[in-house]
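The structure under discussion appears below in the form of structure tokens.
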Amino acid sequence: FVYNGRLFDMLGYGIDLEVMKESEIIKEGYVHSTVEGQSEILDKLKHVCDELGIKYSLDLKISKPNHMANDVLVDDILKYSDNKDILDSMNIVDRSSFYRKHFCEVSSPFYIDQTACKKDIFYVTSLIHDAGGLCFLAHPFVYNLPNIKETLDEIVSLDIIDGIECAHRKHTEEQINFLIDYCKKHNLKKSGGSDFHIGNHFLGYANKGNYAIDGDLVSDWIGLVKKF
């Protein structure tokens, strides 16, 4: 979702999937991931690579729907040893670092404005609630916010989220404890997730595999969630 010009993720727990499938946001989501749309984005990213002297495969293209241009590009440029120095200097080490610190970051030459095709926080939270779910702001420390407490205070003041994802594979233990304490002070529910995509993401753990996500974190609310 979009809030104050920035992209955020929202987690929905206990959602009726049949209700969600009929929603506008799901149907539109497939449209935004077409071969044509992602190919256009990939061309823009390759142009930036040309300007920065970053090598990529000449036959690089989007071959099917839901192949995201940012992932396709970074997977490719990381293969070339010639790119190592410049990618290291830009802190591009994997898909996540490219997406958060460049693709979504206004100050990066790789920035692509995606806000036009995203819904705002009010639409997303209403949709989740209407589908019987709970809304949790996902991994707050991943967004590179200039003032995370200020942003959290603003979002919480809207009185539309139910909780915060406190434990995440990219959150340090200090950050996890800060969010847990914040939730306690603001009567918010807590959750955790490893955001597991590939084998080295440590399923079931936060803080790069150093913090086990156990049932205690969600024990006060998980039993109340509807199961569809």
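Labels for the structure tokens follow display order: chains A, B, ..., residues from 1 in each chain, ligands from 1.
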Write out, as a Markdown table, each residue of stretch 117-158 of chain A that has an atom at most 12 Å from stretch 166-183 of chain A, together with the closest pair of atoms and their distance in Å to one decimal, counting only C-alpha atoms, rows going by chain and rising number.
```
| residue | atom | partner | partner_atom | distance |
| --- | --- | --- | --- | --- |
| A:Phe136 | CA | A:Cys166 | CA | 9.6 |
| A:Leu137 | CA | A:Cys166 | CA | 9.1 |
| A:Ala138 | CA | A:Cys166 | CA | 8.0 |
| A:His139 | CA | A:His168 | CA | 6.2 |
| A:Pro140 | CA | A:Cys166 | CA | 7.9 |
| A:Phe141 | CA | A:His171 | CA | 6.5 |
| A:Val142 | CA | A:Lys170 | CA | 6.9 |
| A:Tyr143 | CA | A:Lys170 | CA | 10.7 |
| A:Asn144 | CA | A:Lys170 | CA | 11.6 |
| A:Ile148 | CA | A:Leu179 | CA | 10.3 |
| A:Lys149 | CA | A:Tyr182 | CA | 9.0 |
| A:Glu150 | CA | A:Tyr182 | CA | 12.0 |
| A:Leu152 | CA | A:Tyr182 | CA | 9.2 |
| A:Asp153 | CA | A:Tyr182 | CA | 9.7 |
| A:Val156 | CA | A:Cys183 | CA | 10.0 |
```
Neighbours of stretch 84-97 of chain A within 8 Å (only C-alpha atoms; same-chain residues fewer than 3 positions away dropped), as a PyMOL selection string?
-> chain A and resi 54+70-71+74-75+78+80-81+100-102
I need the chosen residues saved as an mmCIF file, in the first residue's frame, with N, CA, C and O atoms.
```cif
data_model
loop_
_atom_site.group_PDB
_atom_site.id
_atom_site.type_symbol
_atom_site.label_atom_id
_atom_site.label_comp_id
_atom_site.auth_asym_id
_atom_site.auth_seq_id
_atom_site.Cartn_x
_atom_site.Cartn_y
_atom_site.Cartn_z
ATOM 1 N N ILE A 54 27.101 -1.101 -15.644
ATOM 2 C CA ILE A 54 26.797 -2.407 -15.050
ATOM 3 C C ILE A 54 26.451 -3.390 -16.165
ATOM 4 O O ILE A 54 25.575 -3.131 -16.991
ATOM 5 N N ASN A 70 12.452 -6.158 -11.459
ATOM 6 C CA ASN A 70 13.527 -5.911 -10.494
ATOM 7 C C ASN A 70 14.244 -7.196 -10.108
ATOM 8 O O ASN A 70 15.474 -7.231 -9.985
ATOM 9 N N ASP A 71 13.489 -8.289 -9.932
ATOM 10 C CA ASP A 71 14.108 -9.574 -9.594
ATOM 11 C C ASP A 71 14.887 -10.142 -10.776
ATOM 12 O O ASP A 71 15.994 -10.673 -10.614
ATOM 13 N N VAL A 74 18.253 -8.060 -11.110
ATOM 14 C CA VAL A 74 19.278 -8.239 -10.083
ATOM 15 C C VAL A 74 19.838 -9.655 -10.090
ATOM 16 O O VAL A 74 21.039 -9.857 -9.868
ATOM 17 N N ASP A 75 19.002 -10.652 -10.376
ATOM 18 C CA ASP A 75 19.512 -12.022 -10.482
ATOM 19 C C ASP A 75 20.573 -12.113 -11.571
ATOM 20 O O ASP A 75 21.567 -12.842 -11.430
ATOM 21 N N LEU A 78 24.019 -9.860 -10.772
ATOM 22 C CA LEU A 78 24.837 -10.453 -9.703
ATOM 23 C C LEU A 78 25.698 -11.607 -10.203
ATOM 24 O O LEU A 78 26.659 -12.010 -9.537
ATOM 25 N N TYR A 80 27.652 -11.553 -12.806
ATOM 26 C CA TYR A 80 28.864 -11.091 -13.472
ATOM 27 C C TYR A 80 29.882 -10.546 -12.464
ATOM 28 O O TYR A 80 29.604 -9.579 -11.741
ATOM 29 N N SER A 81 31.056 -11.141 -12.433
ATOM 30 C CA SER A 81 32.097 -10.702 -11.508
ATOM 31 C C SER A 81 32.550 -9.276 -11.809
ATOM 32 O O SER A 81 33.011 -8.563 -10.908
ATOM 33 N N ARG A 100 14.487 -2.843 -1.885
ATOM 34 C CA ARG A 100 14.229 -1.857 -0.839
ATOM 35 C C ARG A 100 15.107 -0.619 -0.953
ATOM 36 O O ARG A 100 14.644 0.512 -0.756
ATOM 37 N N LYS A 101 16.389 -0.793 -1.282
ATOM 38 C CA LYS A 101 17.321 0.333 -1.242
ATOM 39 C C LYS A 101 17.489 1.033 -2.579
ATOM 40 O O LYS A 101 18.135 2.089 -2.642
ATOM 41 N N HIS A 102 16.887 0.471 -3.614
ATOM 42 C CA HIS A 102 17.036 1.098 -4.934
ATOM 43 C C HIS A 102 15.717 1.185 -5.696
ATOM 44 O O HIS A 102 15.275 2.272 -6.037
#
```
Please return, as a short mmCIF file (atom, residue, chain, number, x, y, z; two decimals) with all heavy atoms, in the first residue's frame, all residues of stretch 44-154 of chain A that DSSP assigns to helix (DSSP H, G or I) on the basis of the backbone.
```cif
data_model
loop_
_atom_site.label_atom_id
_atom_site.label_comp_id
_atom_site.auth_asym_id
_atom_site.auth_seq_id
_atom_site.Cartn_x
_atom_site.Cartn_y
_atom_site.Cartn_z
N LYS A 44 13.82 0.19 -18.61
CA LYS A 44 14.27 1.37 -17.86
C LYS A 44 15.45 1.00 -16.94
O LYS A 44 16.41 1.76 -16.83
CB LYS A 44 13.12 1.93 -17.03
CG LYS A 44 11.99 2.53 -17.86
CD LYS A 44 10.86 3.02 -16.96
CE LYS A 44 9.73 3.62 -17.79
NZ LYS A 44 8.59 4.08 -16.94
N LEU A 45 15.36 -0.16 -16.31
CA LEU A 45 16.44 -0.60 -15.43
C LEU A 45 17.72 -0.90 -16.20
O LEU A 45 18.82 -0.59 -15.74
CB LEU A 45 16.00 -1.84 -14.64
CG LEU A 45 14.80 -1.66 -13.70
CD1 LEU A 45 14.43 -2.99 -13.05
CD2 LEU A 45 15.09 -0.61 -12.63
N LYS A 46 17.57 -1.48 -17.38
CA LYS A 46 18.75 -1.75 -18.21
C LYS A 46 19.40 -0.46 -18.68
O LYS A 46 20.64 -0.38 -18.79
CB LYS A 46 18.35 -2.63 -19.40
CG LYS A 46 18.02 -4.07 -19.01
CD LYS A 46 18.00 -5.01 -20.20
CE LYS A 46 16.82 -4.77 -21.10
NZ LYS A 46 16.70 -5.82 -22.15
N HIS A 47 18.59 0.56 -18.93
CA HIS A 47 19.14 1.86 -19.33
C HIS A 47 20.00 2.45 -18.22
O HIS A 47 21.06 3.02 -18.48
CB HIS A 47 17.99 2.82 -19.68
CG HIS A 47 18.46 4.19 -20.07
ND1 HIS A 47 19.15 4.46 -21.23
CD2 HIS A 47 18.33 5.38 -19.42
CE1 HIS A 47 19.43 5.74 -21.29
NE2 HIS A 47 18.95 6.32 -20.20
N VAL A 48 19.54 2.28 -16.97
CA VAL A 48 20.32 2.75 -15.83
C VAL A 48 21.64 1.98 -15.74
O VAL A 48 22.70 2.56 -15.48
CB VAL A 48 19.53 2.60 -14.51
CG1 VAL A 48 20.39 2.98 -13.32
CG2 VAL A 48 18.27 3.45 -14.55
N CYS A 49 21.57 0.67 -15.98
CA CYS A 49 22.79 -0.14 -15.98
C CYS A 49 23.78 0.36 -17.03
O CYS A 49 24.99 0.43 -16.78
CB CYS A 49 22.45 -1.61 -16.25
SG CYS A 49 21.68 -2.46 -14.86
N ASP A 50 23.28 0.70 -18.20
CA ASP A 50 24.14 1.23 -19.27
C ASP A 50 24.84 2.50 -18.80
O ASP A 50 26.04 2.69 -19.04
CB ASP A 50 23.31 1.54 -20.51
CG ASP A 50 22.78 0.28 -21.19
OD1 ASP A 50 23.38 -0.80 -21.00
OD2 ASP A 50 21.76 0.37 -21.90
N GLU A 51 24.10 3.37 -18.12
CA GLU A 51 24.68 4.64 -17.66
C GLU A 51 25.71 4.43 -16.56
O GLU A 51 26.69 5.18 -16.47
CB GLU A 51 23.56 5.56 -17.16
CG GLU A 51 22.62 6.06 -18.26
CD GLU A 51 21.62 7.06 -17.73
OE1 GLU A 51 21.24 6.95 -16.55
OE2 GLU A 51 21.22 7.96 -18.50
N LEU A 52 25.50 3.39 -15.73
CA LEU A 52 26.41 3.15 -14.61
C LEU A 52 27.53 2.18 -14.95
O LEU A 52 28.44 1.96 -14.15
CB LEU A 52 25.62 2.58 -13.42
CG LEU A 52 24.56 3.50 -12.80
CD1 LEU A 52 23.82 2.77 -11.69
CD2 LEU A 52 25.20 4.78 -12.27
N ALA A 69 10.40 -7.39 -12.97
CA ALA A 69 11.59 -6.85 -13.63
C ALA A 69 12.74 -6.64 -12.66
O ALA A 69 13.91 -6.90 -12.99
CB ALA A 69 11.24 -5.54 -14.33
N ASN A 70 12.45 -6.16 -11.46
CA ASN A 70 13.53 -5.91 -10.49
C ASN A 70 14.24 -7.20 -10.11
O ASN A 70 15.47 -7.23 -9.98
CB ASN A 70 12.98 -5.21 -9.25
CG ASN A 70 11.74 -5.88 -8.68
OD1 ASN A 70 10.70 -5.89 -9.33
ND2 ASN A 70 11.83 -6.41 -7.48
N ASP A 71 13.49 -8.29 -9.93
CA ASP A 71 14.11 -9.57 -9.59
C ASP A 71 14.89 -10.14 -10.78
O ASP A 71 15.99 -10.67 -10.61
CB ASP A 71 13.04 -10.58 -9.17
CG ASP A 71 12.44 -10.26 -7.81
OD1 ASP A 71 13.07 -9.50 -7.05
OD2 ASP A 71 11.34 -10.77 -7.51
N VAL A 72 14.32 -10.04 -11.96
CA VAL A 72 14.97 -10.56 -13.16
C VAL A 72 16.30 -9.85 -13.38
O VAL A 72 17.32 -10.49 -13.67
CB VAL A 72 14.06 -10.39 -14.39
CG1 VAL A 72 14.81 -10.69 -15.68
CG2 VAL A 72 12.84 -11.31 -14.28
N LEU A 73 16.31 -8.53 -13.20
CA LEU A 73 17.54 -7.78 -13.42
C LEU A 73 18.61 -8.11 -12.39
O LEU A 73 19.75 -8.41 -12.74
CB LEU A 73 17.28 -6.28 -13.40
CG LEU A 73 18.56 -5.47 -13.64
CD1 LEU A 73 18.83 -5.33 -15.12
CD2 LEU A 73 18.51 -4.11 -12.97
N VAL A 74 18.25 -8.06 -11.11
CA VAL A 74 19.28 -8.24 -10.08
C VAL A 74 19.84 -9.66 -10.09
O VAL A 74 21.04 -9.86 -9.87
CB VAL A 74 18.72 -7.86 -8.69
CG1 VAL A 74 17.81 -8.93 -8.13
CG2 VAL A 74 19.86 -7.56 -7.71
N ASP A 75 19.00 -10.65 -10.38
CA ASP A 75 19.51 -12.02 -10.48
C ASP A 75 20.57 -12.11 -11.57
O ASP A 75 21.57 -12.84 -11.43
CB ASP A 75 18.37 -12.99 -10.82
CG ASP A 75 17.47 -13.26 -9.62
OD1 ASP A 75 17.82 -12.86 -8.50
OD2 ASP A 75 16.40 -13.88 -9.83
N ASP A 76 20.38 -11.35 -12.63
CA ASP A 76 21.29 -11.40 -13.77
C ASP A 76 22.59 -10.64 -13.50
O ASP A 76 23.68 -11.17 -13.70
CB ASP A 76 20.61 -10.83 -15.01
CG ASP A 76 21.45 -11.00 -16.26
OD1 ASP A 76 21.59 -12.14 -16.74
OD2 ASP A 76 21.99 -9.99 -16.75
N ILE A 77 22.48 -9.41 -13.00
CA ILE A 77 23.69 -8.59 -12.83
C ILE A 77 24.60 -9.13 -11.73
O ILE A 77 25.81 -8.90 -11.74
CB ILE A 77 23.36 -7.10 -12.58
CG1 ILE A 77 22.54 -6.93 -11.29
CG2 ILE A 77 22.61 -6.53 -13.77
CD1 ILE A 77 22.22 -5.46 -10.97
N SER A 81 31.06 -11.14 -12.43
CA SER A 81 32.10 -10.70 -11.51
C SER A 81 32.55 -9.28 -11.81
O SER A 81 33.01 -8.56 -10.91
CB SER A 81 33.30 -11.66 -11.57
OG SER A 81 33.83 -11.73 -12.88
N ASP A 82 32.42 -8.86 -13.07
CA ASP A 82 32.80 -7.49 -13.45
C ASP A 82 31.97 -6.44 -12.71
O ASP A 82 32.39 -5.28 -12.59
CB ASP A 82 32.61 -7.28 -14.96
CG ASP A 82 33.58 -8.10 -15.79
OD1 ASP A 82 34.51 -8.69 -15.20
OD2 ASP A 82 33.40 -8.17 -17.02
N ASN A 83 30.79 -6.84 -12.23
CA ASN A 83 29.91 -5.88 -11.55
C ASN A 83 30.16 -5.79 -10.06
O ASN A 83 29.57 -4.93 -9.39
CB ASN A 83 28.44 -6.29 -11.76
CG ASN A 83 28.00 -6.19 -13.20
OD1 ASN A 83 28.54 -5.41 -13.97
ND2 ASN A 83 27.00 -6.99 -13.56
N LYS A 84 31.00 -6.64 -9.52
CA LYS A 84 31.11 -6.78 -8.06
C LYS A 84 31.42 -5.47 -7.35
O LYS A 84 30.77 -5.11 -6.37
CB LYS A 84 32.15 -7.83 -7.68
CG LYS A 84 32.17 -8.13 -6.18
CD LYS A 84 33.19 -9.21 -5.84
CE LYS A 84 33.09 -9.65 -4.39
NZ LYS A 84 33.05 -8.54 -3.43
N ASP A 85 32.42 -4.74 -7.84
CA ASP A 85 32.84 -3.53 -7.13
C ASP A 85 31.72 -2.50 -7.07
O ASP A 85 31.45 -1.92 -6.01
CB ASP A 85 34.07 -2.92 -7.81
CG ASP A 85 35.33 -3.74 -7.56
OD1 ASP A 85 35.31 -4.59 -6.64
OD2 ASP A 85 36.31 -3.55 -8.29
N ILE A 86 31.07 -2.25 -8.20
CA ILE A 86 30.02 -1.22 -8.20
C ILE A 86 28.79 -1.67 -7.44
O ILE A 86 28.16 -0.88 -6.74
CB ILE A 86 29.65 -0.80 -9.65
CG1 ILE A 86 28.68 0.40 -9.59
CG2 ILE A 86 29.06 -1.95 -10.45
CD1 ILE A 86 28.45 1.04 -10.93
N LEU A 87 28.47 -2.96 -7.53
CA LEU A 87 27.30 -3.45 -6.79
C LEU A 87 27.57 -3.44 -5.29
O LEU A 87 26.69 -3.10 -4.50
CB LEU A 87 26.93 -4.86 -7.25
CG LEU A 87 26.45 -4.99 -8.71
CD1 LEU A 87 26.02 -6.42 -9.00
CD2 LEU A 87 25.30 -4.03 -9.00
N ASP A 88 28.79 -3.78 -4.90
CA ASP A 88 29.15 -3.71 -3.49
C ASP A 88 29.07 -2.27 -2.99
O ASP A 88 28.61 -2.01 -1.87
CB ASP A 88 30.57 -4.25 -3.26
CG ASP A 88 30.64 -5.76 -3.32
OD1 ASP A 88 29.57 -6.41 -3.35
OD2 ASP A 88 31.76 -6.31 -3.35
N SER A 89 29.52 -1.33 -3.80
CA SER A 89 29.50 0.07 -3.39
C SER A 89 28.07 0.60 -3.24
O SER A 89 27.82 1.54 -2.48
CB SER A 89 30.26 0.94 -4.40
OG SER A 89 29.54 1.04 -5.63
N ARG A 95 18.13 -9.82 -4.01
CA ARG A 95 16.88 -9.23 -4.47
C ARG A 95 16.34 -8.19 -3.49
O ARG A 95 15.89 -7.11 -3.88
CB ARG A 95 15.82 -10.32 -4.67
CG ARG A 95 16.05 -11.22 -5.88
CD ARG A 95 14.88 -12.19 -6.02
NE ARG A 95 14.98 -13.01 -7.23
CZ ARG A 95 14.02 -13.81 -7.65
NH1 ARG A 95 12.89 -13.92 -6.97
NH2 ARG A 95 14.18 -14.52 -8.76
N SER A 96 16.38 -8.54 -2.22
CA SER A 96 15.79 -7.67 -1.21
C SER A 96 16.51 -6.33 -1.11
O SER A 96 15.88 -5.27 -1.04
CB SER A 96 15.81 -8.38 0.15
OG SER A 96 15.23 -7.57 1.14
N SER A 97 17.83 -6.35 -1.10
CA SER A 97 18.59 -5.10 -1.00
C SER A 97 18.37 -4.22 -2.21
O SER A 97 18.30 -2.99 -2.10
CB SER A 97 20.08 -5.39 -0.81
OG SER A 97 20.60 -6.14 -1.90
N PHE A 98 18.23 -4.83 -3.37
CA PHE A 98 17.97 -4.04 -4.58
C PHE A 98 16.57 -3.43 -4.53
O PHE A 98 16.38 -2.25 -4.83
CB PHE A 98 18.11 -4.91 -5.83
CG PHE A 98 17.87 -4.15 -7.12
CD1 PHE A 98 18.84 -3.31 -7.63
CD2 PHE A 98 16.67 -4.29 -7.81
CE1 PHE A 98 18.63 -2.59 -8.82
CE2 PHE A 98 16.45 -3.58 -8.99
CZ PHE A 98 17.43 -2.74 -9.49
N TYR A 99 15.60 -4.25 -4.12
CA TYR A 99 14.21 -3.78 -4.11
C TYR A 99 14.01 -2.65 -3.11
O TYR A 99 13.43 -1.61 -3.44
CB TYR A 99 13.29 -4.96 -3.76
CG TYR A 99 11.82 -4.59 -3.73
CD1 TYR A 99 11.12 -4.38 -4.90
CD2 TYR A 99 11.15 -4.44 -2.51
CE1 TYR A 99 9.77 -4.04 -4.88
CE2 TYR A 99 9.81 -4.10 -2.48
CZ TYR A 99 9.12 -3.90 -3.67
OH TYR A 99 7.79 -3.54 -3.65
N ARG A 100 14.49 -2.84 -1.89
CA ARG A 100 14.23 -1.86 -0.84
C ARG A 100 15.11 -0.62 -0.95
O ARG A 100 14.64 0.51 -0.76
CB ARG A 100 14.43 -2.50 0.54
CG ARG A 100 13.40 -3.55 0.88
CD ARG A 100 12.02 -2.96 1.00
NE ARG A 100 11.01 -3.98 1.25
CZ ARG A 100 9.71 -3.76 1.23
NH1 ARG A 100 9.27 -2.54 0.97
NH2 ARG A 100 8.85 -4.73 1.47
N LYS A 101 16.39 -0.79 -1.28
CA LYS A 101 17.32 0.33 -1.24
C LYS A 101 17.49 1.03 -2.58
O LYS A 101 18.14 2.09 -2.64
CB LYS A 101 18.68 -0.15 -0.73
CG LYS A 101 18.62 -0.69 0.69
CD LYS A 101 19.97 -1.17 1.18
CE LYS A 101 19.87 -1.68 2.61
NZ LYS A 101 21.16 -2.18 3.13
N HIS A 102 16.89 0.47 -3.61
CA HIS A 102 17.04 1.10 -4.93
C HIS A 102 15.72 1.18 -5.70
O HIS A 102 15.27 2.27 -6.04
CB HIS A 102 18.09 0.34 -5.75
CG HIS A 102 19.46 0.46 -5.19
ND1 HIS A 102 20.27 1.55 -5.43
CD2 HIS A 102 20.16 -0.34 -4.36
CE1 HIS A 102 21.40 1.42 -4.78
NE2 HIS A 102 21.37 0.27 -4.11
N PHE A 103 15.09 0.05 -5.95
CA PHE A 103 13.87 0.03 -6.74
C PHE A 103 12.76 0.86 -6.09
O PHE A 103 11.97 1.52 -6.78
CB PHE A 103 13.40 -1.42 -6.91
CG PHE A 103 12.36 -1.62 -7.98
CD1 PHE A 103 12.65 -1.41 -9.32
CD2 PHE A 103 11.09 -2.05 -7.64
CE1 PHE A 103 11.70 -1.61 -10.30
CE2 PHE A 103 10.12 -2.26 -8.62
CZ PHE A 103 10.44 -2.04 -9.95
N THR A 115 3.72 3.91 -7.19
CA THR A 115 2.59 4.32 -6.37
C THR A 115 1.29 4.42 -7.16
O THR A 115 0.21 4.25 -6.60
CB THR A 115 2.87 5.67 -5.70
OG1 THR A 115 3.17 6.65 -6.72
CG2 THR A 115 4.05 5.56 -4.76
N ALA A 116 1.39 4.68 -8.47
CA ALA A 116 0.16 4.86 -9.26
C ALA A 116 -0.67 3.59 -9.32
O ALA A 116 -1.89 3.65 -9.47
CB ALA A 116 0.52 5.32 -10.67
N CYS A 117 -0.04 2.42 -9.22
CA CYS A 117 -0.77 1.16 -9.33
C CYS A 117 -0.99 0.49 -7.98
O CYS A 117 -1.37 -0.68 -7.92
CB CYS A 117 -0.04 0.21 -10.28
SG CYS A 117 1.59 -0.32 -9.70
N ILE A 121 -3.52 3.02 2.24
CA ILE A 121 -3.63 2.24 3.47
C ILE A 121 -5.08 2.02 3.88
O ILE A 121 -5.44 0.97 4.42
CB ILE A 121 -2.84 2.92 4.61
CG1 ILE A 121 -2.77 2.01 5.84
CG2 ILE A 121 -3.40 4.29 4.94
CD1 ILE A 121 -1.87 2.53 6.93
N PHE A 122 -5.96 2.98 3.59
CA PHE A 122 -7.36 2.86 3.98
C PHE A 122 -8.07 1.78 3.17
O PHE A 122 -8.87 1.01 3.71
CB PHE A 122 -8.06 4.21 3.83
CG PHE A 122 -7.44 5.30 4.66
CD1 PHE A 122 -6.59 6.23 4.08
CD2 PHE A 122 -7.69 5.38 6.02
CE1 PHE A 122 -6.01 7.23 4.85
CE2 PHE A 122 -7.12 6.37 6.80
CZ PHE A 122 -6.27 7.29 6.21
N TYR A 123 -7.76 1.73 1.90
CA TYR A 123 -8.36 0.70 1.04
C TYR A 123 -7.91 -0.69 1.48
O TYR A 123 -8.73 -1.60 1.62
CB TYR A 123 -7.96 0.94 -0.42
CG TYR A 123 -8.54 -0.08 -1.38
CD1 TYR A 123 -9.71 0.18 -2.08
CD2 TYR A 123 -7.91 -1.30 -1.59
CE1 TYR A 123 -10.25 -0.77 -2.95
CE2 TYR A 123 -8.43 -2.26 -2.44
CZ TYR A 123 -9.61 -1.97 -3.13
OH TYR A 123 -10.13 -2.92 -3.97
N VAL A 124 -6.62 -0.85 1.70
CA VAL A 124 -6.07 -2.17 2.02
C VAL A 124 -6.58 -2.67 3.37
O VAL A 124 -6.99 -3.83 3.50
CB VAL A 124 -4.53 -2.12 2.02
CG1 VAL A 124 -3.94 -3.42 2.54
CG2 VAL A 124 -4.02 -1.84 0.60
N THR A 125 -6.57 -1.81 4.37
CA THR A 125 -7.05 -2.25 5.69
C THR A 125 -8.54 -2.56 5.67
O THR A 125 -8.99 -3.51 6.31
CB THR A 125 -6.73 -1.21 6.77
OG1 THR A 125 -7.21 0.08 6.36
CG2 THR A 125 -5.24 -1.13 7.01
N SER A 126 -9.31 -1.76 4.95
CA SER A 126 -10.75 -2.02 4.85
C SER A 126 -11.01 -3.35 4.18
O SER A 126 -11.89 -4.12 4.59
CB SER A 126 -11.44 -0.90 4.07
OG SER A 126 -11.41 0.32 4.77
N LEU A 127 -10.24 -3.66 3.13
CA LEU A 127 -10.40 -4.92 2.41
C LEU A 127 -10.11 -6.11 3.32
O LEU A 127 -10.87 -7.09 3.34
CB LEU A 127 -9.48 -4.94 1.19
CG LEU A 127 -9.51 -6.20 0.34
CD1 LEU A 127 -10.90 -6.43 -0.24
CD2 LEU A 127 -8.49 -6.09 -0.79
N ILE A 128 -9.02 -6.03 4.06
CA ILE A 128 -8.66 -7.12 4.97
C ILE A 128 -9.71 -7.30 6.05
O ILE A 128 -10.14 -8.42 6.36
CB ILE A 128 -7.27 -6.88 5.58
CG1 ILE A 128 -6.19 -6.99 4.50
CG2 ILE A 128 -6.99 -7.87 6.71
CD1 ILE A 128 -4.81 -6.59 4.96
N HIS A 129 -10.15 -6.20 6.63
CA HIS A 129 -11.17 -6.29 7.68
C HIS A 129 -12.49 -6.82 7.14
O HIS A 129 -13.17 -7.63 7.79
CB HIS A 129 -11.37 -4.92 8.33
CG HIS A 129 -10.26 -4.51 9.24
ND1 HIS A 129 -9.85 -3.20 9.40
CD2 HIS A 129 -9.44 -5.25 10.05
CE1 HIS A 129 -8.86 -3.15 10.28
NE2 HIS A 129 -8.59 -4.38 10.68
N ASP A 130 -12.87 -6.39 5.95
CA ASP A 130 -14.12 -6.86 5.34
C ASP A 130 -14.06 -8.35 5.04
O ASP A 130 -15.10 -9.02 4.96
CB ASP A 130 -14.42 -6.09 4.05
CG ASP A 130 -14.83 -4.64 4.32
OD1 ASP A 130 -15.14 -4.32 5.48
OD2 ASP A 130 -14.84 -3.84 3.37
N PRO A 140 8.52 -3.05 9.89
CA PRO A 140 8.73 -1.61 9.79
C PRO A 140 10.17 -1.17 9.55
O PRO A 140 10.41 -0.13 8.92
CB PRO A 140 8.24 -1.09 11.16
CG PRO A 140 7.26 -2.12 11.61
CD PRO A 140 7.82 -3.43 11.14
N PHE A 141 11.15 -1.93 10.04
CA PHE A 141 12.53 -1.48 9.90
C PHE A 141 13.13 -1.80 8.53
O PHE A 141 14.29 -1.46 8.27
CB PHE A 141 13.40 -2.11 11.00
CG PHE A 141 13.30 -1.41 12.31
CD1 PHE A 141 12.47 -1.88 13.32
CD2 PHE A 141 14.02 -0.25 12.55
CE1 PHE A 141 12.37 -1.23 14.54
CE2 PHE A 141 13.93 0.42 13.77
CZ PHE A 141 13.10 -0.08 14.77
N VAL A 142 12.37 -2.40 7.65
CA VAL A 142 12.87 -2.75 6.32
C VAL A 142 12.75 -1.57 5.36
O VAL A 142 13.43 -1.52 4.34
CB VAL A 142 12.12 -3.98 5.76
CG1 VAL A 142 12.49 -4.27 4.32
CG2 VAL A 142 12.40 -5.20 6.63
N ILE A 148 11.38 6.21 12.19
CA ILE A 148 10.44 5.10 12.26
C ILE A 148 9.36 5.32 13.32
O ILE A 148 8.19 5.00 13.08
CB ILE A 148 11.18 3.77 12.49
CG1 ILE A 148 10.20 2.60 12.33
CG2 ILE A 148 11.87 3.74 13.84
CD1 ILE A 148 10.87 1.27 12.18
N LYS A 149 9.71 5.87 14.47
CA LYS A 149 8.70 6.08 15.51
C LYS A 149 7.65 7.08 15.05
O LYS A 149 6.45 6.90 15.30
CB LYS A 149 9.34 6.55 16.81
CG LYS A 149 8.33 6.65 17.95
CD LYS A 149 8.96 7.12 19.24
CE LYS A 149 7.91 7.15 20.37
NZ LYS A 149 6.76 8.03 20.04
N GLU A 150 8.09 8.12 14.38
CA GLU A 150 7.16 9.13 13.89
C GLU A 150 6.16 8.51 12.90
O GLU A 150 4.96 8.79 12.97
CB GLU A 150 7.93 10.27 13.23
CG GLU A 150 7.05 11.40 12.72
CD GLU A 150 7.88 12.51 12.08
OE1 GLU A 150 8.62 13.17 12.85
OE2 GLU A 150 7.80 12.69 10.86
N THR A 151 6.67 7.68 12.00
CA THR A 151 5.79 7.03 11.03
C THR A 151 4.84 6.06 11.71
O THR A 151 3.65 6.01 11.39
CB THR A 151 6.61 6.29 9.96
OG1 THR A 151 7.46 7.22 9.28
CG2 THR A 151 5.70 5.63 8.93
N LEU A 152 5.35 5.27 12.65
CA LEU A 152 4.49 4.36 13.40
C LEU A 152 3.40 5.12 14.14
O LEU A 152 2.22 4.72 14.13
CB LEU A 152 5.32 3.53 14.39
CG LEU A 152 6.21 2.45 13.81
CD1 LEU A 152 7.05 1.82 14.92
CD2 LEU A 152 5.40 1.39 13.09
N ASP A 153 3.78 6.22 14.78
CA ASP A 153 2.79 7.02 15.52
C ASP A 153 1.70 7.53 14.58
O ASP A 153 0.51 7.53 14.93
CB ASP A 153 3.47 8.21 16.20
CG ASP A 153 4.31 7.80 17.40
OD1 ASP A 153 4.17 6.65 17.87
OD2 ASP A 153 5.13 8.63 17.85
N GLU A 154 2.09 7.96 13.37
CA GLU A 154 1.11 8.46 12.41
C GLU A 154 0.14 7.37 11.99
O GLU A 154 -1.08 7.58 11.95
CB GLU A 154 1.82 9.03 11.18
CG GLU A 154 2.56 10.34 11.43
CD GLU A 154 3.28 10.80 10.17
OE1 GLU A 154 3.08 10.19 9.10
OE2 GLU A 154 4.05 11.77 10.26
#
```
Among stretch 75-146 of chain A, which ones does DSSP place in strand (DSSP E or B), written as a PyMOL selection string?
-> chain A and resi 120+134-137
Saved selection, atoms kept: N, CA, C and O atoms, as a short mmCIF file (atom, residue, chain, number, x, y, z; two decimals), in the first residue's frame:
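After the write, again.cif holds the following:
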```cif
data_model
loop_
_atom_site.label_atom_id
_atom_site.label_comp_id
_atom_site.auth_asym_id
_atom_site.auth_seq_id
_atom_site.Cartn_x
_atom_site.Cartn_y
_atom_site.Cartn_z
N ASP A 120 -4.15 2.79 -1.34
CA ASP A 120 -3.70 3.45 -0.12
C ASP A 120 -4.01 2.59 1.10
O ASP A 120 -4.68 1.55 1.01
N LEU A 134 -7.25 -9.66 10.23
CA LEU A 134 -6.58 -8.68 11.06
C LEU A 134 -5.44 -8.06 10.26
O LEU A 134 -4.74 -8.75 9.52
N CYS A 135 -5.24 -6.76 10.44
CA CYS A 135 -4.22 -6.02 9.67
C CYS A 135 -2.97 -5.78 10.52
O CYS A 135 -3.06 -5.18 11.60
N PHE A 136 -1.84 -6.23 10.01
CA PHE A 136 -0.56 -6.02 10.69
C PHE A 136 0.40 -5.29 9.74
O PHE A 136 0.62 -5.75 8.61
N LEU A 137 0.96 -4.19 10.20
CA LEU A 137 1.99 -3.51 9.42
C LEU A 137 3.23 -4.40 9.37
O LEU A 137 3.75 -4.81 10.41
#
```
